[in-house]
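Report on the following structure.
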Amino acid sequence: MEKTFEEITTHLLNYGFVYQGSEIYGGISNTWDYGPLGTLLKNHLKELWIRHFVRENPYNVQIDPAIIMNPKVWEATGHVSNFHDPLVDCKYCKSRYRADDLIKKQHPEIDVEGMDNIMLNQAIKDNGIVCPNCGKSSFTDIRQFQMMFKTFIGVTEEKSSTVYLRPETAQGIFVNFKNVLRTTRRKLPIGICDIGKAFRNEITPGNFTFRTREFEQMEIEFFIKPGEDEKWFEYYKDNCKAFVEKLGLEDEHVRYRDHEKNELAFYSKGTTDIEYLFPSLGWGELMGIAMRGDYDLSRHVSYSKQDLSYLDPETNQRYIPHVIEPSFGLDRLMLALLCDSYEIQKLSENDSRVVLHLNSFLAPYQVAVLPLSNKLNDEAYKVFLSLSKRFDATFDTTGSIGKRYRREDAIGTPFCVTFDFNSLEDKQVTIRERDSMEQKRIPISDLSDYLYEQINKDL
Ligand code: ATP
């Protein structure tokens, strides 16, 4: 059955994966809160990323830098002067748009990447672009819109106390490059990883959690010897592909797109995006892998006047390392997973179920323990307690067993463990698998190892 983006987001809101932000006050402009199920899924996705890129990787370590940084950082990176979006307003109905988006939506054949404001203004006029809201065709000239959130440190709102919420997690890594090298006593190549919030005052947030003003990134800055860029770029393309394959997204919904020359930042020698085909929305970027050369470290050298060079112990050469940057958006990955896994499955002429075919490791609850009768609650709860030491488990006693299975299917729980009267005697339980709906008996003493094996296979 064809699924729509709207029907999926309704499901996520109904089941408490996501809530509207500040809902009792009427919400606030495309802001979302993650509920219990969304938070569990998010935890598992972070855990899998850490496991793949940090724990099981010989080169990488993880840090957790502050969100508020010295504002000079953002002067050095060019964000203060360059981090702008081109903004136009409809002169009639006052609706506001990103000029490049507006053109791209009405004329997908026009290549807007790399166009400056003059070219965008011209493209709006030459191609009869209209306001999607009122249909008129008269726009203000493009204005630049600073995308960094500004705030103040201390009690006075003076220029000297202005700080920014970080628009990317990457810079907390660059400014700590020397600290990490010194304290870990590692040599190049080294990858420094970070998971954390980033903030962008997007003009047109939307499509649920796809584009928000506050989101989470999982970034790696991988520091290498200059000249080895291509080799490590290929390494990360393969490595990110291996990670995405673990998530279990349908192959035909994922594509790898190399940026054209005119899309690249002037310092970048190459960028590859991983994109996902969202229902109703089309292809959207999940992450990017970029060759950033020595741009960031060199800028920090010139603005901080600190020596960020590396003395190669093998060749005795001193150089500024080059960087490969794989940058994942956590919220977008989650949204892609939820869209991909959602299915309304027809079971018979007049029976169907909603299932989230989430990877077992990522599913919010990896196992549900369901006593068949309230008389069995105490004994079944002991099974739940022992499983919850190792897994995210849930315990549900309400409703018929069939209804409970359906509820677990709808939130993606891969295994349901049913405790019945025989369990008291034979010390076995029935385990039901979500996708096949197959059931089998298994000794309680084997349950935890069985589940661990099932949940971790192929990871
Ligand atoms: P876009 O072109 O969609 O604005 P970007 O190229 O500016 O994204 P990057 O700066 O490369 O994004 O950030 C890395 C990742 O962070 C993106 O691939 C995306 O998954 C995520 N991301 C960026 N902006 C947002 C946002 N406003 N809301 C949610 N996720 C975001």
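To be explicit about the labels: the chains of the structure tokens are called A, B, and onward in the order shown, and within each one the residues are counted from 1, while ligands get numbers from 1 in the order they are shown.
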**Asked** Which neighbours of segment 190-203 of chain A fall inside 7 Å, counting only C-alpha atoms, when residues of the same chain fewer than 3 positions from it are skipped, and could you give them as a ChimeraX atom specification?
**Response** /A:59-64,98,147-149,165-169,173,187,213-223
**Item:** Surrounding residues of segment 27-32 of chain A excluding itself and chain neighbours under 3 positions, 8 Å, only C-alpha atoms, as JSON, numbers by chain
**Value:** {"A": [18, 19, 20, 21, 22, 23, 24, 205, 206, 208, 209, 212, 213, 214]}
**Request:** Within 12 Å of Asn43 of chain A, counting only C-alpha atoms, which residues show up once you throw out same-chain ones fewer than 3 positions away? Write them as a ChimeraX atom specification, please.
**Result:** /A:34,36-40,46-50,195,216,330-331,334,361-365,392
Could the residues in this selection be saved with C-alpha atoms as an mmCIF file, in the first residue's frame?
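The result, stored in selection_27.cif:
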```cif
data_model
loop_
_atom_site.group_PDB
_atom_site.id
_atom_site.type_symbol
_atom_site.label_atom_id
_atom_site.label_comp_id
_atom_site.auth_asym_id
_atom_site.auth_seq_id
_atom_site.Cartn_x
_atom_site.Cartn_y
_atom_site.Cartn_z
ATOM 1 C CA TYR A 34 10.808 13.640 21.325
ATOM 2 C CA PRO A 36 9.463 8.267 25.237
ATOM 3 C CA LEU A 37 9.593 6.151 22.080
ATOM 4 C CA GLY A 38 11.417 8.763 20.000
ATOM 5 C CA THR A 39 13.960 9.233 22.769
ATOM 6 C CA LEU A 40 14.662 5.505 22.998
ATOM 7 C CA LYS A 46 23.488 7.272 18.766
ATOM 8 C CA GLU A 47 24.682 4.067 20.407
ATOM 9 C CA LEU A 48 25.016 2.317 17.058
ATOM 10 C CA TRP A 49 26.889 5.301 15.591
ATOM 11 C CA ILE A 50 29.283 5.336 18.566
ATOM 12 C CA ILE A 195 27.325 14.146 18.982
ATOM 13 C CA GLU A 216 21.392 17.072 16.546
ATOM 14 C CA LEU A 330 20.550 12.489 13.719
ATOM 15 C CA ASP A 331 16.959 13.741 13.412
ATOM 16 C CA MET A 334 15.583 8.939 12.485
ATOM 17 C CA PHE A 361 18.738 -2.985 17.855
ATOM 18 C CA LEU A 362 17.263 0.418 17.007
ATOM 19 C CA ALA A 363 13.628 -0.289 17.932
ATOM 20 C CA PRO A 364 12.528 1.770 20.989
ATOM 21 C CA TYR A 365 11.709 -1.373 22.942
ATOM 22 C CA ASP A 392 15.164 -1.684 26.622
#
```
**Neighbour list for segment 264-266 of chain A as a PyMOL selection string, cut-off 12 Å, only C-alpha atoms, skip fewer than 4 positions in-chain** = chain A and resi 78+82+113-114+258-260+270-273+288-293+295
Please produce an output containing N, CA, C and O atoms for each residue in the selection, written as a short mmCIF file (atom, residue, chain, number, x, y, z; two decimals), in the first residue's frame.
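Once everything was written out, this is result14.cif:
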```cif
data_model
loop_
_atom_site.label_atom_id
_atom_site.label_comp_id
_atom_site.auth_asym_id
_atom_site.auth_seq_id
_atom_site.Cartn_x
_atom_site.Cartn_y
_atom_site.Cartn_z
N GLY A 78 34.22 32.00 9.20
CA GLY A 78 33.48 32.73 8.17
C GLY A 78 31.98 32.73 8.42
O GLY A 78 31.22 33.32 7.64
N ASN A 82 29.50 34.97 6.47
CA ASN A 82 28.95 34.24 5.31
C ASN A 82 27.75 33.34 5.56
O ASN A 82 27.18 32.82 4.61
N GLU A 113 22.51 25.94 -7.47
CA GLU A 113 23.70 25.84 -6.62
C GLU A 113 24.77 26.79 -7.15
O GLU A 113 25.01 26.87 -8.34
N GLY A 114 25.37 27.51 -6.27
CA GLY A 114 26.47 28.39 -6.68
C GLY A 114 26.01 29.73 -7.24
O GLY A 114 26.82 30.57 -7.61
N ASP A 258 27.55 12.50 -5.62
CA ASP A 258 28.76 13.34 -5.60
C ASP A 258 28.38 14.76 -5.99
O ASP A 258 27.65 14.95 -6.97
N HIS A 259 28.88 15.74 -5.24
CA HIS A 259 28.57 17.14 -5.58
C HIS A 259 29.26 17.53 -6.88
O HIS A 259 30.37 17.12 -7.17
N GLU A 260 28.55 18.36 -7.68
CA GLU A 260 29.16 18.94 -8.88
C GLU A 260 30.19 19.96 -8.42
O GLU A 260 30.09 20.50 -7.31
N GLY A 270 36.06 17.73 -2.71
CA GLY A 270 35.04 16.75 -3.06
C GLY A 270 34.05 16.56 -1.93
O GLY A 270 34.43 16.66 -0.75
N THR A 271 32.79 16.34 -2.26
CA THR A 271 31.77 16.06 -1.25
C THR A 271 30.81 15.03 -1.81
O THR A 271 30.44 15.09 -2.98
N THR A 272 30.46 14.07 -0.99
CA THR A 272 29.44 13.09 -1.38
C THR A 272 28.33 13.14 -0.33
O THR A 272 28.61 13.13 0.87
N ASP A 273 27.10 13.23 -0.79
CA ASP A 273 25.97 13.19 0.13
C ASP A 273 25.31 11.82 0.09
O ASP A 273 25.28 11.18 -0.96
N GLY A 288 26.59 14.24 4.80
CA GLY A 288 27.57 14.56 3.77
C GLY A 288 28.96 14.15 4.23
O GLY A 288 29.27 14.18 5.42
N ILE A 289 29.79 13.74 3.25
CA ILE A 289 31.20 13.46 3.55
C ILE A 289 32.01 14.44 2.71
O ILE A 289 31.85 14.47 1.49
N ALA A 290 32.85 15.25 3.37
CA ALA A 290 33.54 16.31 2.62
C ALA A 290 35.05 16.24 2.84
O ALA A 290 35.52 15.91 3.93
N MET A 291 35.78 16.57 1.77
CA MET A 291 37.24 16.76 1.90
C MET A 291 37.44 18.25 2.16
O MET A 291 37.18 19.07 1.29
N ARG A 292 37.88 18.60 3.37
CA ARG A 292 37.95 20.01 3.73
C ARG A 292 39.36 20.58 3.68
O ARG A 292 39.57 21.73 4.06
N GLY A 293 40.33 19.78 3.23
CA GLY A 293 41.71 20.27 3.17
C GLY A 293 42.17 20.74 4.54
O GLY A 293 41.78 20.18 5.57
N TYR A 295 41.53 23.86 5.55
CA TYR A 295 40.81 25.14 5.68
C TYR A 295 40.56 25.52 7.15
O TYR A 295 40.96 26.59 7.60
#
```
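Of the listed residues (A:Lys440, A:Lys261, A:Arg332, A:His11), A:Arg332 comes nearest to ligand 1; the distances count only C-alpha atoms and all ligand atoms.
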**Prompt:** Which polymer residues have any atom within 9 Å of an atom of segment 446-450 of chain A, counting only C-alpha atoms, with same-chain residues fewer than 5 positions away left out, as a ChimeraX atom specification?
**Reply:** /A:386-387,390-391,428-429,431,455
Mind dumping the selected residues with all heavy atoms as a short mmCIF file (atom, residue, chain, number, x, y, z; two decimals), in the first residue's frame?
```cif
data_model
loop_
_atom_site.label_atom_id
_atom_site.label_comp_id
_atom_site.auth_asym_id
_atom_site.auth_seq_id
_atom_site.Cartn_x
_atom_site.Cartn_y
_atom_site.Cartn_z
N SER A 386 14.80 -9.06 34.68
CA SER A 386 16.10 -9.60 34.29
C SER A 386 16.45 -9.15 32.87
O SER A 386 17.60 -8.84 32.58
CB SER A 386 16.13 -11.12 34.44
OG SER A 386 15.44 -11.71 33.38
N LEU A 387 15.46 -9.06 31.98
CA LEU A 387 15.76 -8.61 30.61
C LEU A 387 16.12 -7.14 30.56
O LEU A 387 16.95 -6.71 29.76
CB LEU A 387 14.57 -8.88 29.69
CG LEU A 387 14.23 -10.35 29.42
CD1 LEU A 387 13.01 -10.45 28.49
CD2 LEU A 387 15.41 -11.08 28.80
N ARG A 390 19.64 -5.70 30.38
CA ARG A 390 20.44 -5.82 29.16
C ARG A 390 19.78 -5.15 27.95
O ARG A 390 20.45 -4.83 26.98
CB ARG A 390 20.59 -7.32 28.87
CG ARG A 390 21.91 -7.68 28.29
CD ARG A 390 22.07 -9.18 28.36
NE ARG A 390 23.21 -9.63 27.61
CZ ARG A 390 23.43 -10.91 27.31
NH1 ARG A 390 22.58 -11.84 27.70
NH2 ARG A 390 24.49 -11.25 26.64
N PHE A 391 18.45 -4.97 28.01
CA PHE A 391 17.71 -4.45 26.85
C PHE A 391 16.75 -3.36 27.29
O PHE A 391 16.41 -3.27 28.47
CB PHE A 391 16.88 -5.57 26.19
CG PHE A 391 17.66 -6.81 25.92
CD1 PHE A 391 17.52 -7.92 26.75
CD2 PHE A 391 18.56 -6.87 24.87
CE1 PHE A 391 18.26 -9.07 26.52
CE2 PHE A 391 19.30 -8.01 24.63
CZ PHE A 391 19.15 -9.12 25.46
N GLN A 428 9.33 -22.11 30.60
CA GLN A 428 9.55 -21.68 29.22
C GLN A 428 8.56 -20.56 28.90
O GLN A 428 7.52 -20.44 29.56
CB GLN A 428 9.31 -22.84 28.25
CG GLN A 428 10.27 -23.99 28.47
CD GLN A 428 10.41 -24.85 27.23
OE1 GLN A 428 9.99 -24.50 26.15
NE2 GLN A 428 11.03 -26.00 27.40
N VAL A 429 8.89 -19.76 27.91
CA VAL A 429 7.96 -18.70 27.47
C VAL A 429 7.80 -18.80 25.95
O VAL A 429 8.61 -19.44 25.28
CB VAL A 429 8.49 -17.29 27.82
CG1 VAL A 429 8.28 -16.95 29.28
CG2 VAL A 429 9.94 -17.13 27.42
N ILE A 431 8.00 -16.91 22.45
CA ILE A 431 8.58 -15.69 21.89
C ILE A 431 8.01 -15.49 20.49
O ILE A 431 7.97 -16.41 19.68
CB ILE A 431 10.12 -15.74 21.94
CG1 ILE A 431 10.73 -14.41 21.59
CG2 ILE A 431 10.72 -16.82 21.12
CD1 ILE A 431 12.13 -14.24 22.17
N ILE A 455 19.33 -9.58 18.36
CA ILE A 455 19.33 -8.12 18.25
C ILE A 455 20.63 -7.60 17.67
O ILE A 455 20.66 -6.59 16.98
CB ILE A 455 19.03 -7.50 19.65
CG1 ILE A 455 17.56 -7.73 19.99
CG2 ILE A 455 19.37 -6.03 19.72
CD1 ILE A 455 17.22 -7.46 21.44
#
```
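Nearest-residue note for Tyr256 of chain A: choosing from A:Glu453, A:Gly135, A:Leu281, A:Leu286, the minimum distance belongs to A:Leu286, counting only C-alpha atoms.
When DSSP is run on the backbone, the residues of segment 225-256 of chain A that fall into helix (DSSP H, G or I) are Asp229, Glu230, Lys231, Trp232, Phe233, Glu234, Tyr235, Tyr236, Lys237, Asp238, Asn239, Cys240, Lys241, Ala242, Phe243, Val244, Glu245, Lys246, Leu247, Asp251, Glu252 and His253 of chain A.
DSSP, applied to the backbone of this structure, assigns strand (DSSP E or B) to the following residues of segment 268-304 of chain A: Gly270, Thr271, Thr272, Asp273, Ile274, Glu275, Tyr276, Leu277, Phe278, Gly282, Trp283, Gly284, Glu285, Leu286, Met287, Gly288, Ile289, Ala290, Met291, Arg292 and Gly293 of chain A.
Compared by their closest atoms to ligand 1, and using only C-alpha atoms and all ligand atoms, the residues A:Tyr381, A:Tyr342, A:Phe328, A:Phe5 rank with A:Phe328 nearest.
One distance worth recording is that between atom CA of Thr10 of chain A and atom CA of Val367 of chain A, which is 24.1 Å.
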